[in-house]
Amino acid sequence: MKAPTRRHRSSDKPLGRHRPIAPHEIDERYIEVLRHLEPYYYTKYATTPWLHYLSGTEVEYSVFRKYLGYMREAPNHFIRCPEQQTASPNTPYKTLVYELAERGLNELIRRGIVPKRTSPDPEAKQPKSKRNHAFALHRSNSYYHEIIVDLGYYAPLRYLVANDQALRLVDFAQLQAHQNVPPATRSARDPLLIQLKFEETRFDGTPHVIVRTRPDGVTLPLGIPGIQVDRGTETFEQVEKHLLHAIEFVEGRHYERHWGFDNCLVPFLFTKEVRKNRAMQFIRSERQRCSFLLFQTIPDLGLQPHFPKPQHYDRSYKYQDGDWVPPETIHIFTNPWQRVGHPDFYLNTFDERGGA
């Protein structure tokens with residue numbers, strides 16, 4: 001009987017001969033893969049095409065994909081595939097989604113790429129084993145939610161910045177070492193936890209600054225403390241709470257005290273137009289106008305027949321006959337963001353007109 005030539009996506013068993021990879025054998029091209037899958041600073045989930053793009057490797061895609069399979073399979077287990085993806089629509093025809101496994105995290109720590117973190121709760125019981133944990137408490141347990149955070153916002157943001165010479169990104173890892181960020185934040189056990197007047201809050205994703213350089217050389221920074229994603233799985237009262245927390249965060253100038261930002265916008269992404277409209281109506285009834293909350297709808301990416309690839313964010317990309325064409329609403333950085341009582345705003349140009 002002929003041996004199978006393709007591994008089932010739910011299995012990490014080797015096909016044919018084992019291909020053991022010792023930690024010291026992983027070269028920098030694939031260490032970049034591990035780094036981009038580190039969930040505290042970067043992404044929790046990423047597909048093979050996005051990892052190929054984000055790692056910046058010149059390795060041919062087919063070779064790259066095969067090596068990711070080796071990194072996943074036993075006995076290597078540097079990365080793994082989340083079980084939830086097997087329950088998503090059209091699973092056999094989608095590109096694989098990867099996440100960082102414990103052995104991969106340990107290698108990043110061993111190489112000094114990310115620090116070893118301990119639980120921010122001083123009263124938490126020490127784990128029985130001596131395993132390293134990411135303690136990425138800003139990450140939810142919802143696969144579909146985090147897919148939107150990573151593949152809907154943060155990965156396309158990096159594509160946007162890489163393809164616009166006028167833009168530069170200061171990500172969370174860079175902020176942690178930036179002189180403008182207050183020392184109290186940089187040394188906090190949990191810098192992503194925001195203390196408001198009466199409550200604590202977290203945003204989805206991580207804080208970052210997008211910097212635009214105008215033609216006259218003047219740089220314009222735009223601080224974003226994180227985003228909020230709503231898939232319609234929470235009560236609307238919880239959405240209202242997120243909105244009020246975001247308002248308090250900005251109006252109380254927590255962005256300045258906590259992150260050292262000069263200004264602040266908070267993007268809200270909804271997978272249902274009716275929920276977005278209801279959120280905007282809530283702000284309208286509470287405040288009439290609000291310039292710093294941004295609203296847009298996005299496809300529920302985990303439920304799409306396929307995942308958008310980096311090339312799909314190129315407006316000039318030519319699709320071939322029979323290609324899957326992603327919804328126009330994936331283009332959140334070149335589509336307008338709505339605001340209550342103010343004109344639409346574009347994150348790619350920092351203005352109300354937009355651009356290419």
# chains A, B, ... in the order shown; residues from 1 in each chain; ligands from 1
>>> select_by_dssp(residues="region 97-171 of chain A", states="strand (DSSP E or B)", output="ChimeraX atom specification")
/A:97-100,167-170
>>> closest_atom_pairs(of="region 130-222 of chain A", to="region 307-325 of chain A", cutoff="10 Å", atoms="only C-alpha atoms", output="tab-separated table")
residue	atom	partner	partner_atom	distance
A:Ile147	CA	A:Phe307	CA	9.8
A:Leu151	CA	A:Pro308	CA	8.0
A:Gly152	CA	A:Pro308	CA	8.7
A:Ala155	CA	A:Pro310	CA	8.3
A:Pro156	CA	A:Pro310	CA	7.3
A:Arg158	CA	A:Pro310	CA	9.9
A:Tyr159	CA	A:Pro310	CA	7.0
A:Leu160	CA	A:Tyr313	CA	8.2
A:Asn163	CA	A:Asp314	CA	9.1
>>> write_last_selection(atoms="N, CA and C atoms", output="PDB file, in the first residue's frame")
ATOM      1  N   ILE A 147      -8.609  35.581  15.388  1.00  0.00           N
ATOM      2  CA  ILE A 147      -8.318  35.564  13.956  1.00  0.00           C
ATOM      3  C   ILE A 147      -8.562  36.957  13.375  1.00  0.00           C
ATOM      4  N   LEU A 151      -5.409  38.493  11.749  1.00  0.00           N
ATOM      5  CA  LEU A 151      -5.451  38.459  10.290  1.00  0.00           C
ATOM      6  C   LEU A 151      -6.321  39.559   9.703  1.00  0.00           C
ATOM      7  N   GLY A 152      -7.163  40.163  10.536  1.00  0.00           N
ATOM      8  CA  GLY A 152      -8.013  41.242  10.053  1.00  0.00           C
ATOM      9  C   GLY A 152      -7.411  42.608  10.255  1.00  0.00           C
ATOM     10  N   ALA A 155      -1.874  41.990  10.912  1.00  0.00           N
ATOM     11  CA  ALA A 155      -1.088  41.575   9.750  1.00  0.00           C
ATOM     12  C   ALA A 155      -1.287  42.536   8.573  1.00  0.00           C
ATOM     13  N   PRO A 156      -2.533  42.933   8.225  1.00  0.00           N
ATOM     14  CA  PRO A 156      -2.699  43.932   7.160  1.00  0.00           C
ATOM     15  C   PRO A 156      -2.070  45.284   7.500  1.00  0.00           C
ATOM     16  N   ARG A 158       0.785  45.683   9.049  1.00  0.00           N
ATOM     17  CA  ARG A 158       2.192  45.549   8.681  1.00  0.00           C
ATOM     18  C   ARG A 158       2.361  45.565   7.162  1.00  0.00           C
ATOM     19  N   TYR A 159       1.410  45.001   6.441  1.00  0.00           N
ATOM     20  CA  TYR A 159       1.464  45.068   4.978  1.00  0.00           C
ATOM     21  C   TYR A 159       1.344  46.517   4.519  1.00  0.00           C
ATOM     22  N   LEU A 160       0.411  47.254   5.108  1.00  0.00           N
ATOM     23  CA  LEU A 160       0.209  48.661   4.744  1.00  0.00           C
ATOM     24  C   LEU A 160       1.493  49.456   4.930  1.00  0.00           C
ATOM     25  N   ASN A 163       4.379  48.775   2.529  1.00  0.00           N
ATOM     26  CA  ASN A 163       4.162  49.176   1.143  1.00  0.00           C
ATOM     27  C   ASN A 163       3.845  50.660   0.978  1.00  0.00           C
TER      28      ASN A 163
END
>>> residues_around(residues="region 213-227 of chain A", least_positions_apart="5", cutoff="6 Å", atoms="only C-alpha atoms", output="list in words")
Ala166, Phe203, Asp204, Gly205, Thr206, Pro207, His208, Phe261, Asn263, Cys264, Leu265, Val266, Pro267 and Phe268 of chain A
>>> write_last_selection(atoms="all heavy atoms", output="compact mmCIF listing (two decimals), in the first residue's frame")
# COMPACT_ATOMS: atom_id res chain seq x y z
N ALA A 166 5.75 56.42 3.24
CA ALA A 166 5.45 57.55 4.12
C ALA A 166 5.04 57.08 5.53
O ALA A 166 4.91 57.91 6.43
CB ALA A 166 4.34 58.41 3.53
N PHE A 203 -7.67 46.47 26.00
CA PHE A 203 -8.08 46.50 24.61
C PHE A 203 -7.68 45.18 23.95
O PHE A 203 -6.83 44.46 24.45
CB PHE A 203 -7.41 47.67 23.88
CG PHE A 203 -7.88 49.02 24.35
CD1 PHE A 203 -7.12 49.75 25.26
CD2 PHE A 203 -9.07 49.56 23.90
CE1 PHE A 203 -7.54 51.00 25.71
CE2 PHE A 203 -9.51 50.79 24.34
CZ PHE A 203 -8.74 51.51 25.25
N ASP A 204 -8.32 44.88 22.81
CA ASP A 204 -7.88 43.75 22.00
C ASP A 204 -6.56 44.13 21.32
O ASP A 204 -6.34 45.29 20.96
CB ASP A 204 -8.92 43.41 20.94
CG ASP A 204 -10.21 42.85 21.54
OD1 ASP A 204 -10.12 42.18 22.58
OD2 ASP A 204 -11.28 43.09 20.96
N GLY A 205 -5.70 43.15 21.13
CA GLY A 205 -4.44 43.45 20.48
C GLY A 205 -3.53 44.25 21.39
O GLY A 205 -3.64 44.21 22.61
N THR A 206 -2.62 44.98 20.78
CA THR A 206 -1.60 45.69 21.54
C THR A 206 -1.49 47.14 21.09
O THR A 206 -1.85 47.48 19.95
CB THR A 206 -0.22 45.00 21.35
OG1 THR A 206 0.03 44.83 19.95
CG2 THR A 206 -0.18 43.67 22.05
N PRO A 207 -0.94 48.00 21.94
CA PRO A 207 -0.78 49.42 21.56
C PRO A 207 0.30 49.57 20.49
O PRO A 207 1.26 48.80 20.43
CB PRO A 207 -0.35 50.07 22.88
CG PRO A 207 0.30 48.97 23.65
CD PRO A 207 -0.46 47.73 23.30
N HIS A 208 0.13 50.58 19.66
CA HIS A 208 1.11 50.86 18.62
C HIS A 208 0.94 52.29 18.15
O HIS A 208 -0.07 52.94 18.42
CB HIS A 208 0.94 49.89 17.44
CG HIS A 208 -0.47 49.81 16.91
ND1 HIS A 208 -1.47 49.11 17.56
CD2 HIS A 208 -1.05 50.35 15.81
CE1 HIS A 208 -2.60 49.21 16.88
NE2 HIS A 208 -2.37 49.95 15.82
N PHE A 261 1.54 58.78 24.48
CA PHE A 261 1.05 59.18 23.17
C PHE A 261 0.72 60.67 23.16
O PHE A 261 0.28 61.24 24.16
CB PHE A 261 -0.24 58.42 22.81
CG PHE A 261 -0.05 56.94 22.56
CD1 PHE A 261 -1.16 56.11 22.43
CD2 PHE A 261 1.21 56.37 22.43
CE1 PHE A 261 -1.02 54.75 22.19
CE2 PHE A 261 1.36 55.01 22.19
CZ PHE A 261 0.25 54.21 22.07
N ASN A 263 -1.59 61.75 20.96
CA ASN A 263 -3.00 61.74 20.59
C ASN A 263 -3.49 60.31 20.61
O ASN A 263 -2.71 59.38 20.88
CB ASN A 263 -3.21 62.38 19.21
CG ASN A 263 -2.27 61.78 18.17
OD1 ASN A 263 -2.08 60.57 18.10
ND2 ASN A 263 -1.66 62.63 17.36
N CYS A 264 -4.74 60.10 20.31
CA CYS A 264 -5.27 58.73 20.43
C CYS A 264 -6.53 58.54 19.62
O CYS A 264 -7.44 59.40 19.63
CB CYS A 264 -5.55 58.44 21.91
SG CYS A 264 -6.11 56.76 22.24
N LEU A 265 -6.61 57.42 18.91
CA LEU A 265 -7.83 56.95 18.26
C LEU A 265 -8.04 55.50 18.67
O LEU A 265 -7.08 54.76 18.86
CB LEU A 265 -7.72 57.03 16.73
CG LEU A 265 -7.63 58.40 16.08
CD1 LEU A 265 -7.42 58.25 14.58
CD2 LEU A 265 -8.87 59.22 16.36
N VAL A 266 -9.31 55.09 18.78
CA VAL A 266 -9.62 53.70 19.14
C VAL A 266 -10.52 53.10 18.06
O VAL A 266 -11.68 53.49 17.92
CB VAL A 266 -10.31 53.60 20.50
CG1 VAL A 266 -10.53 52.12 20.87
CG2 VAL A 266 -9.50 54.30 21.59
N PRO A 267 -10.02 52.16 17.25
CA PRO A 267 -10.84 51.52 16.22
C PRO A 267 -11.74 50.42 16.82
O PRO A 267 -11.28 49.59 17.62
CB PRO A 267 -9.80 50.89 15.28
CG PRO A 267 -8.49 51.54 15.64
CD PRO A 267 -8.58 51.82 17.10
N PHE A 268 -13.00 50.42 16.39
CA PHE A 268 -13.96 49.38 16.75
C PHE A 268 -14.35 48.65 15.47
O PHE A 268 -14.85 49.25 14.52
CB PHE A 268 -15.21 49.98 17.40
CG PHE A 268 -15.07 50.26 18.87
CD1 PHE A 268 -14.29 51.33 19.31
CD2 PHE A 268 -15.71 49.47 19.81
CE1 PHE A 268 -14.15 51.59 20.67
CE2 PHE A 268 -15.58 49.72 21.17
CZ PHE A 268 -14.80 50.79 21.61
>>> select_by_dssp(residues="region 100-331 of chain A", states="helix (DSSP H, G or I)", output="VMD selection string")
chain A and resid 102 to 110 143 to 162 172 to 175 183 to 186 236 to 251 254 to 259 273 to 287 301 to 303 310 to 313 328 to 330
>>> residues_around(residues="Arg287 (chain A)", least_positions_apart="5", cutoff="10 Å", atoms="only C-alpha atoms", output="ChimeraX atom specification")
/A:281-282,340-341
>>> write_last_selection(atoms="C-alpha atoms", output="mmCIF file, in the first residue's frame")
data_model
loop_
_atom_site.group_PDB
_atom_site.id
_atom_site.type_symbol
_atom_site.label_atom_id
_atom_site.label_comp_id
_atom_site.auth_asym_id
_atom_site.auth_seq_id
_atom_site.Cartn_x
_atom_site.Cartn_y
_atom_site.Cartn_z
ATOM 1 C CA GLN A 281 -26.293 55.334 17.744
ATOM 2 C CA PHE A 282 -25.355 54.689 21.380
ATOM 3 C CA VAL A 340 -20.178 60.001 15.031
ATOM 4 C CA GLY A 341 -20.821 63.625 14.114
#
